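All remarks here apply to the structure that follows.
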Amino acid sequence: MTGKDIIKITLNLVVVYLIGGLILAVVYAKTSPIMFQNNKIAKEKALKELMPEADKIEKAGDWTIHEKHAEYFIAKKGDETIGYIIQSFGKGYSSYIDTLISVDKDFKVKKMNILHHAETPGLGDEIEADSFKNQFKDKDLEHLKVLKTETTEFVQAISGATISSRAVTEDAVKNSVSFLIKTIKEGGAGNVEHKHI
Amino acid sequence: MSNTSTFSYREQILNGIIKENTIFRLALSLCPSIAVTNNLKNGVIMGVAVLFVQVMVNITISLMRNFIHPKVRLPIFMLVISGWVTVTDMTLAAAVPDVYGKVGLYIQLIVAFASILARAEAFASKNSFMPSMADGLGSGLGFLFALTVISLFRELLGKGSLWGYHIVNAKPLLIMILPTGGFFAVGILMAAFNWIDARHGKKSAHASH
């Protein structure tokens, strides 16, 4: 290898890095505001979807679960508090399942939505199906339990995805509901204290 | 491989789709063909992403072919590939966030696809712009075709639906959407592809060869 080779190789790499970096910078500059906007719209939409009757959803505080930061919100209609929305995580089969849960004033689940997960496609990702999610309606803390048999009183596991079903029900939803009961019911309404589970 | 005077774009594209089909013939990049093909939508989007990356990589490498020093050939190929994959990744995330949520994980893995590096090394680094683009198109379309067929087969048998729409009312064969079923699907379809191709080849032996 001669000196000329070394210079050519250096030049090669520098040029490729520079052009590549430039292209990536341009694409990033174009796409990142869209991504940011998408995330913001998605979040607002997700909150609204969980509590369609609320006309104001305000952030009430932060909490942590599985060492992940999450937020919870108070949903109001006029001046009256009609329920709470909380983000929560469950430790699934191959990922942390990011969920959003709304409860009414009596801490019964109104709705549950999956925001993000990386469970097995075709099996664990059935947690996103309406047939699974709808089971959470009107469940209180005592009934947030997964059964493998047919049930409407409790939550019926998805066949082939018991771990994912448990992660959503007994981890994400149950922990967040009991957190809300602890902080809001027993700690006084509107408590914005930072709590750890 | 090619000679400018007798080069046929049609043949080069068909070559990538049929004769040298990445999955059914060369048996390369088999892991994505199993990982993302348990439903049609994921398979098709993955195929389109690969098609785009393959064409762009081939074009870039072919334009740079006289400039690249042979000793740093592979690192430069890898840089070009990862650059285009990142562009695809960011574009998909911005343009189709819902689909990206499902296949995003696998898009980044395109960097490691043997088929893309193989086309860059075997063809684009030795040929000019247009033939390289044709080659990328052929190889990419071949990949898209294979992924579409495999995912169609798996979703239909494993879930009884297509593109998320339920169509078959029988109890589905759950195994087809599991990784095990992926191996079966790829094997069966590979055999079918080669069988059809062999029969067809015999019939039109005079016409095309």
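We label chains A, B, ... in the order they appear in the structure tokens, count residues from 1 in each chain, and number ligands from 1 in the order shown.
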
For segment 114-143 of chain A against segment 39-59 of chain A, with a cut-off of 12 Å and counting only C-alpha atoms, what is the closest atom pair and its distance in Å to one decimal for every residue that makes the cut, ordered by chain and number, as a Markdown table?
| residue | atom | partner | partner_atom | distance |
| --- | --- | --- | --- | --- |
| A:Ile114 | CA | A:Ala46 | CA | 9.5 |
| A:Leu115 | CA | A:Ala46 | CA | 8.2 |
| A:His116 | CA | A:Ala42 | CA | 11.6 |
| A:Lys133 | CA | A:Leu50 | CA | 11.8 |
| A:Asn134 | CA | A:Leu50 | CA | 12.0 |
| A:Lys137 | CA | A:Leu50 | CA | 11.2 |

How close does chain B get to chain A? List, as a Markdown table, each residue of chain B within 8 Å, its nearest atom pair and the distance in Å to one decimal, counting only C-alpha atoms.
| residue | atom | partner | partner_atom | distance |
| --- | --- | --- | --- | --- |
| B:Asn38 | CA | A:Gly122 | CA | 6.6 |
| B:Asn39 | CA | A:Gly122 | CA | 7.7 |
| B:Phe67 | CA | A:Asn12 | CA | 7.3 |
| B:Ile68 | CA | A:Asn12 | CA | 6.3 |
| B:His69 | CA | A:Ile9 | CA | 6.0 |
| B:Lys71 | CA | A:Ile9 | CA | 7.6 |
| B:Val72 | CA | A:Ile9 | CA | 6.6 |
| B:Ile76 | CA | A:Leu13 | CA | 7.1 |
| B:Leu79 | CA | A:Val16 | CA | 7.5 |
| B:Val80 | CA | A:Gly20 | CA | 7.3 |
| B:Gly83 | CA | A:Gly20 | CA | 6.1 |
| B:Thr86 | CA | A:Leu24 | CA | 7.4 |
| B:Val87 | CA | A:Leu24 | CA | 6.4 |
| B:Met90 | CA | A:Thr31 | CA | 6.5 |
| B:Thr91 | CA | A:Thr31 | CA | 6.4 |
| B:Ala93 | CA | A:Met35 | CA | 6.8 |
| B:Ala94 | CA | A:Met35 | CA | 5.0 |
| B:Pro97 | CA | A:Asn38 | CA | 7.5 |
| B:Gly101 | CA | A:His116 | CA | 7.6 |
| B:Ile177 | CA | A:Gly122 | CA | 6.0 |
| B:Leu178 | CA | A:Gly122 | CA | 7.4 |

Could you write out that same residue set with N, CA and C atoms as a PDB file, in the first residue's frame?
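Generated output (result_0.pdb):
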ATOM      1  N   ASN B  38     -45.788 -12.603   9.089  1.00  0.00           N
ATOM      2  CA  ASN B  38     -47.002 -13.247   9.568  1.00  0.00           C
ATOM      3  C   ASN B  38     -48.269 -12.455   9.293  1.00  0.00           C
ATOM      4  N   ASN B  39     -48.138 -11.282   8.706  1.00  0.00           N
ATOM      5  CA  ASN B  39     -49.328 -10.719   8.072  1.00  0.00           C
ATOM      6  C   ASN B  39     -48.961  -9.921   6.834  1.00  0.00           C
ATOM      7  N   PHE B  67     -14.671   5.766  -8.181  1.00  0.00           N
ATOM      8  CA  PHE B  67     -14.069   6.601  -7.148  1.00  0.00           C
ATOM      9  C   PHE B  67     -13.635   5.759  -5.941  1.00  0.00           C
ATOM     10  N   ILE B  68     -14.360   4.658  -5.695  1.00  0.00           N
ATOM     11  CA  ILE B  68     -14.095   3.852  -4.501  1.00  0.00           C
ATOM     12  C   ILE B  68     -12.776   3.094  -4.628  1.00  0.00           C
ATOM     13  N   HIS B  69     -11.955   3.194  -3.610  1.00  0.00           N
ATOM     14  CA  HIS B  69     -10.712   2.433  -3.558  1.00  0.00           C
ATOM     15  C   HIS B  69     -11.062   0.990  -3.181  1.00  0.00           C
ATOM     16  N   LYS B  71      -9.726  -1.277  -1.537  1.00  0.00           N
ATOM     17  CA  LYS B  71      -9.436  -1.718  -0.165  1.00  0.00           C
ATOM     18  C   LYS B  71     -10.522  -1.318   0.831  1.00  0.00           C
ATOM     19  N   VAL B  72     -11.227  -0.217   0.569  1.00  0.00           N
ATOM     20  CA  VAL B  72     -12.295   0.195   1.491  1.00  0.00           C
ATOM     21  C   VAL B  72     -13.668   0.017   0.848  1.00  0.00           C
ATOM     22  N   ILE B  76     -17.391   1.127   2.601  1.00  0.00           N
ATOM     23  CA  ILE B  76     -18.167   2.161   1.908  1.00  0.00           C
ATOM     24  C   ILE B  76     -19.541   1.638   1.509  1.00  0.00           C
ATOM     25  N   LEU B  79     -21.614   1.814   4.567  1.00  0.00           N
ATOM     26  CA  LEU B  79     -22.017   3.188   4.890  1.00  0.00           C
ATOM     27  C   LEU B  79     -23.171   3.638   4.005  1.00  0.00           C
ATOM     28  N   VAL B  80     -23.060   3.336   2.731  1.00  0.00           N
ATOM     29  CA  VAL B  80     -24.119   3.734   1.800  1.00  0.00           C
ATOM     30  C   VAL B  80     -25.429   3.048   2.169  1.00  0.00           C
ATOM     31  N   GLY B  83     -26.863   4.415   5.364  1.00  0.00           N
ATOM     32  CA  GLY B  83     -27.396   5.754   5.102  1.00  0.00           C
ATOM     33  C   GLY B  83     -28.787   5.692   4.506  1.00  0.00           C
ATOM     34  N   THR B  86     -31.386   4.421   6.957  1.00  0.00           N
ATOM     35  CA  THR B  86     -31.790   5.439   7.928  1.00  0.00           C
ATOM     36  C   THR B  86     -32.763   6.441   7.299  1.00  0.00           C
ATOM     37  N   VAL B  87     -32.493   6.801   6.046  1.00  0.00           N
ATOM     38  CA  VAL B  87     -33.417   7.705   5.345  1.00  0.00           C
ATOM     39  C   VAL B  87     -34.807   7.061   5.258  1.00  0.00           C
ATOM     40  N   MET B  90     -36.512   7.023   8.758  1.00  0.00           N
ATOM     41  CA  MET B  90     -37.054   8.311   9.202  1.00  0.00           C
ATOM     42  C   MET B  90     -38.258   8.723   8.371  1.00  0.00           C
ATOM     43  N   THR B  91     -38.201   8.439   7.064  1.00  0.00           N
ATOM     44  CA  THR B  91     -39.309   8.818   6.205  1.00  0.00           C
ATOM     45  C   THR B  91     -40.581   8.046   6.565  1.00  0.00           C
ATOM     46  N   ALA B  93     -41.286   6.686   9.425  1.00  0.00           N
ATOM     47  CA  ALA B  93     -41.754   7.107  10.748  1.00  0.00           C
ATOM     48  C   ALA B  93     -42.574   8.379  10.649  1.00  0.00           C
ATOM     49  N   ALA B  94     -42.185   9.268   9.745  1.00  0.00           N
ATOM     50  CA  ALA B  94     -42.918  10.528   9.609  1.00  0.00           C
ATOM     51  C   ALA B  94     -44.167  10.354   8.757  1.00  0.00           C
ATOM     52  N   PRO B  97     -46.933   6.733  10.493  1.00  0.00           N
ATOM     53  CA  PRO B  97     -46.587   6.366  11.869  1.00  0.00           C
ATOM     54  C   PRO B  97     -47.236   5.073  12.363  1.00  0.00           C
ATOM     55  N   GLY B 101     -45.020   1.787  13.495  1.00  0.00           N
ATOM     56  CA  GLY B 101     -45.071   1.196  14.831  1.00  0.00           C
ATOM     57  C   GLY B 101     -44.937  -0.317  14.783  1.00  0.00           C
ATOM     58  N   ILE B 177     -48.581 -18.600  11.927  1.00  0.00           N
ATOM     59  CA  ILE B 177     -48.095 -17.259  12.219  1.00  0.00           C
ATOM     60  C   ILE B 177     -46.961 -17.276  13.234  1.00  0.00           C
ATOM     61  N   LEU B 178     -46.660 -18.448  13.762  1.00  0.00           N
ATOM     62  CA  LEU B 178     -45.507 -18.561  14.663  1.00  0.00           C
ATOM     63  C   LEU B 178     -44.246 -18.770  13.817  1.00  0.00           C
TER      64      LEU B 178
END

Contacts of Arg154 of chain B at 9 Å or less, counting only C-alpha atoms, minus same-chain residues fewer than 6 places along, as a CSV table (one decimal) with N, CA and C atoms, in the first residue's frame?
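Final output, result-v5.csv:
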chain,number,residue,atom,x,y,z
B,37,THR,N,-43.3,-11.8,8.1
B,37,THR,CA,-44.3,-12.2,7.2
B,37,THR,C,-45.5,-12.8,7.8
B,38,ASN,N,-45.8,-12.6,9.1
B,38,ASN,CA,-47.0,-13.2,9.6
B,38,ASN,C,-48.3,-12.5,9.3
B,39,ASN,N,-48.1,-11.3,8.7
B,39,ASN,CA,-49.3,-10.7,8.1
B,39,ASN,C,-49.0,-9.9,6.8
B,40,LEU,N,-49.9,-9.9,5.9
B,40,LEU,CA,-49.7,-9.3,4.6
B,40,LEU,C,-49.1,-7.9,4.6
B,160,GLY,N,-56.7,-16.6,9.0
B,160,GLY,CA,-57.9,-16.6,8.3
B,160,GLY,C,-58.3,-15.2,7.8
B,176,MET,N,-49.0,-21.4,11.7
B,176,MET,CA,-48.5,-20.7,10.6
B,176,MET,C,-48.0,-19.2,10.9
B,177,ILE,N,-48.6,-18.6,11.9
B,177,ILE,CA,-48.1,-17.3,12.2
B,177,ILE,C,-47.0,-17.3,13.2
B,181,GLY,N,-44.1,-21.9,11.7
B,181,GLY,CA,-44.9,-21.8,10.5
B,181,GLY,C,-44.1,-21.0,9.4
B,182,GLY,N,-43.3,-20.1,9.8
B,182,GLY,CA,-42.5,-19.3,8.8
B,182,GLY,C,-41.6,-20.2,8.1
B,185,ALA,N,-43.7,-22.3,5.7
B,185,ALA,CA,-44.2,-21.5,4.6
B,185,ALA,C,-43.1,-21.2,3.6

Strand (DSSP E or B) residues, from DSSP on the backbone, in segment 101-159 of chain A, as a list in words
Ile101, Ser102, Val103, Asp104, Val109, Lys110, Lys111, Met112, Asn113, Ile114, Leu115, His116, Val146, Leu147, Val155 and Gln156 of chain A

Written file, previous selection with C-alpha atoms, as a PDB file, in the first residue's frame:
ATOM      1  CA  ILE A 101     -56.046   3.757  31.169  1.00  0.00           C
ATOM      2  CA  SER A 102     -59.051   5.855  32.090  1.00  0.00           C
ATOM      3  CA  VAL A 103     -61.051   5.343  35.263  1.00  0.00           C
ATOM      4  CA  ASP A 104     -64.220   6.984  36.505  1.00  0.00           C
ATOM      5  CA  VAL A 109     -61.796   1.197  34.522  1.00  0.00           C
ATOM      6  CA  LYS A 110     -63.574   2.956  31.700  1.00  0.00           C
ATOM      7  CA  LYS A 111     -61.216   2.205  28.873  1.00  0.00           C
ATOM      8  CA  MET A 112     -57.753   0.846  28.225  1.00  0.00           C
ATOM      9  CA  ASN A 113     -55.585   1.444  25.212  1.00  0.00           C
ATOM     10  CA  ILE A 114     -52.218   0.101  24.144  1.00  0.00           C
ATOM     11  CA  LEU A 115     -49.872   2.865  23.051  1.00  0.00           C
ATOM     12  CA  HIS A 116     -46.780   0.904  22.229  1.00  0.00           C
ATOM     13  CA  VAL A 146     -56.439 -12.850  34.189  1.00  0.00           C
ATOM     14  CA  LEU A 147     -58.124 -16.221  33.843  1.00  0.00           C
ATOM     15  CA  VAL A 155     -60.186 -10.739  32.151  1.00  0.00           C
ATOM     16  CA  GLN A 156     -59.883 -13.647  29.771  1.00  0.00           C
TER      17      GLN A 156
END

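Distance-wise, atom CA of Gly124 of chain A and atom CA of Ser94 of chain A end up 9.0 Å apart.
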
With only C-alpha atoms as the counted atoms, please give the residues lying no more than 10 Å from Glu11 of chain B, apart from itself and same-chain residues fewer than 6 positions off, as a ChimeraX atom specification.
/B:17,19,134-135,138,208

Residues near Gln87 of chain A, anyone? I mean within 7 Å using only C-alpha atoms, not counting same-chain ones fewer than 3 positions away, as an MDAnalysis selection string.
chainID A and resid 70:72 99:101

What does the distance between atom CA of Ile163 of chain A and atom CA of Lys145 of chain A come to in Å, to one decimal place?
12.4 Å

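Taking atom CA of Lys41 of chain B and atom CA of Gly16 of chain B as endpoints, the distance between them is 22.6 Å.
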
With DSSP run on the backbone, what are the alpha helix (DSSP H) residues within segment 17-186 of chain B? I'd like them as an NGL selection string.
:B and (30-35 or 40-64 or 73-95 or 97-107 or 114-119 or 129-159 or 179-186)

Just-selected residues, C-alpha atoms written as a short mmCIF file (atom, residue, chain, number, x, y, z; two decimals), in the first residue's frame:
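Dumped to selection02.cif:
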data_model
loop_
_atom_site.label_atom_id
_atom_site.label_comp_id
_atom_site.auth_asym_id
_atom_site.auth_seq_id
_atom_site.Cartn_x
_atom_site.Cartn_y
_atom_site.Cartn_z
CA LEU B 30 -34.25 -15.59 5.14
CA CYS B 31 -34.60 -14.12 8.61
CA PRO B 32 -36.78 -11.16 7.57
CA SER B 33 -38.75 -13.50 5.35
CA ILE B 34 -39.76 -15.31 8.51
CA ALA B 35 -39.76 -12.47 11.04
CA LEU B 40 -49.66 -9.33 4.59
CA LYS B 41 -49.41 -5.65 5.44
CA ASN B 42 -46.09 -5.98 7.26
CA GLY B 43 -44.70 -8.19 4.52
CA VAL B 44 -45.62 -5.77 1.75
CA ILE B 45 -44.32 -2.69 3.54
CA MET B 46 -41.09 -4.44 4.38
CA GLY B 47 -40.78 -5.51 0.74
CA VAL B 48 -41.34 -1.96 -0.49
CA ALA B 49 -38.75 -0.62 1.96
CA VAL B 50 -36.22 -3.19 0.76
CA LEU B 51 -37.03 -2.39 -2.87
CA PHE B 52 -36.38 1.31 -2.26
CA VAL B 53 -33.13 0.70 -0.37
CA GLN B 54 -31.89 -1.78 -2.98
CA VAL B 55 -32.51 0.60 -5.88
CA MET B 56 -30.97 3.60 -4.11
CA VAL B 57 -27.93 1.62 -2.97
CA ASN B 58 -27.35 0.24 -6.46
CA ILE B 59 -27.61 3.72 -8.00
CA THR B 60 -25.26 5.26 -5.43
CA ILE B 61 -22.66 2.52 -5.68
CA SER B 62 -22.76 2.54 -9.46
CA LEU B 63 -22.20 6.32 -9.54
CA MET B 64 -19.29 5.99 -7.15
CA ARG B 73 -14.95 -1.14 -0.84
CA LEU B 74 -16.96 -3.01 1.80
CA PRO B 75 -16.94 -0.31 4.50
CA ILE B 76 -18.17 2.16 1.91
CA PHE B 77 -20.92 -0.19 0.75
CA MET B 78 -22.01 -0.58 4.36
CA LEU B 79 -22.02 3.19 4.89
CA VAL B 80 -24.12 3.73 1.80
CA ILE B 81 -26.55 0.99 2.80
CA SER B 82 -26.94 2.21 6.37
CA GLY B 83 -27.40 5.75 5.10
CA TRP B 84 -30.26 4.82 2.83
CA VAL B 85 -31.82 2.57 5.45
CA THR B 86 -31.79 5.44 7.93
CA VAL B 87 -33.42 7.71 5.35
CA THR B 88 -36.12 5.07 4.77
CA ASP B 89 -36.57 4.61 8.49
CA MET B 90 -37.05 8.31 9.20
CA THR B 91 -39.31 8.82 6.20
CA LEU B 92 -41.59 5.94 7.14
CA ALA B 93 -41.75 7.11 10.75
CA ALA B 94 -42.92 10.53 9.61
CA ALA B 95 -45.16 9.46 6.74
CA PRO B 97 -46.59 6.37 11.87
CA ASP B 98 -49.16 3.61 12.43
CA VAL B 99 -47.47 1.13 10.11
CA TYR B 100 -44.04 2.19 11.31
CA GLY B 101 -45.07 1.20 14.83
CA LYS B 102 -45.37 -2.37 13.58
CA VAL B 103 -42.44 -2.79 11.18
CA GLY B 104 -40.10 -0.09 12.46
CA LEU B 105 -38.00 -2.60 14.31
CA TYR B 106 -37.29 -4.56 11.16
CA ILE B 107 -36.63 -1.60 8.88
CA ALA B 114 -27.04 -10.08 2.67
CA SER B 115 -29.00 -9.57 -0.54
CA ILE B 116 -28.44 -5.83 -0.65
CA LEU B 117 -24.72 -6.04 -0.09
CA ALA B 118 -24.53 -8.88 -2.60
CA ARG B 119 -26.14 -6.82 -5.39
CA PHE B 129 -26.14 3.78 -13.80
CA MET B 130 -29.11 2.42 -15.78
CA PRO B 131 -28.21 -1.30 -15.68
CA SER B 132 -27.52 -1.00 -11.93
CA MET B 133 -30.89 0.59 -11.40
CA ALA B 134 -32.54 -2.21 -13.40
CA ASP B 135 -30.69 -4.77 -11.35
CA GLY B 136 -31.75 -3.13 -8.08
CA LEU B 137 -35.32 -2.95 -9.33
CA GLY B 138 -35.31 -6.62 -10.30
CA SER B 139 -33.76 -7.83 -7.09
CA GLY B 140 -35.99 -5.57 -4.97
CA LEU B 141 -39.14 -6.60 -6.83
CA GLY B 142 -38.14 -10.24 -6.41
CA PHE B 143 -37.86 -9.68 -2.67
CA LEU B 144 -41.17 -7.82 -2.54
CA PHE B 145 -42.80 -10.61 -4.53
CA ALA B 146 -41.43 -13.32 -2.23
CA LEU B 147 -42.45 -11.49 0.94
CA THR B 148 -45.92 -10.79 -0.43
CA VAL B 149 -46.51 -14.44 -1.33
CA ILE B 150 -45.16 -15.74 1.97
CA SER B 151 -47.11 -13.30 4.11
CA LEU B 152 -50.29 -13.83 2.11
CA PHE B 153 -49.97 -17.59 2.62
CA ARG B 154 -49.22 -17.25 6.33
CA GLU B 155 -51.87 -14.71 7.20
CA LEU B 156 -54.51 -16.61 5.28
CA LEU B 157 -53.73 -19.95 6.91
CA GLY B 158 -52.67 -18.69 10.32
CA LYS B 159 -55.32 -16.08 10.96
CA PRO B 179 -41.83 -18.71 13.66
CA THR B 180 -42.17 -22.46 13.06
CA GLY B 181 -44.85 -21.80 10.48
CA GLY B 182 -42.52 -19.33 8.84
CA PHE B 183 -40.04 -22.08 8.10
CA PHE B 184 -42.80 -24.30 6.72
CA ALA B 185 -44.19 -21.48 4.57
CA VAL B 186 -40.80 -20.54 3.14
#

So that I can check the surroundings of Thr152 of chain A, please list as a ChimeraX atom specification every protein, DNA and RNA residue that reaches within 10 Å of it, counting only C-alpha atoms and ignoring chain neighbours fewer than 2 positions away.
/A:135-136,139,143,147,149-150,154-156
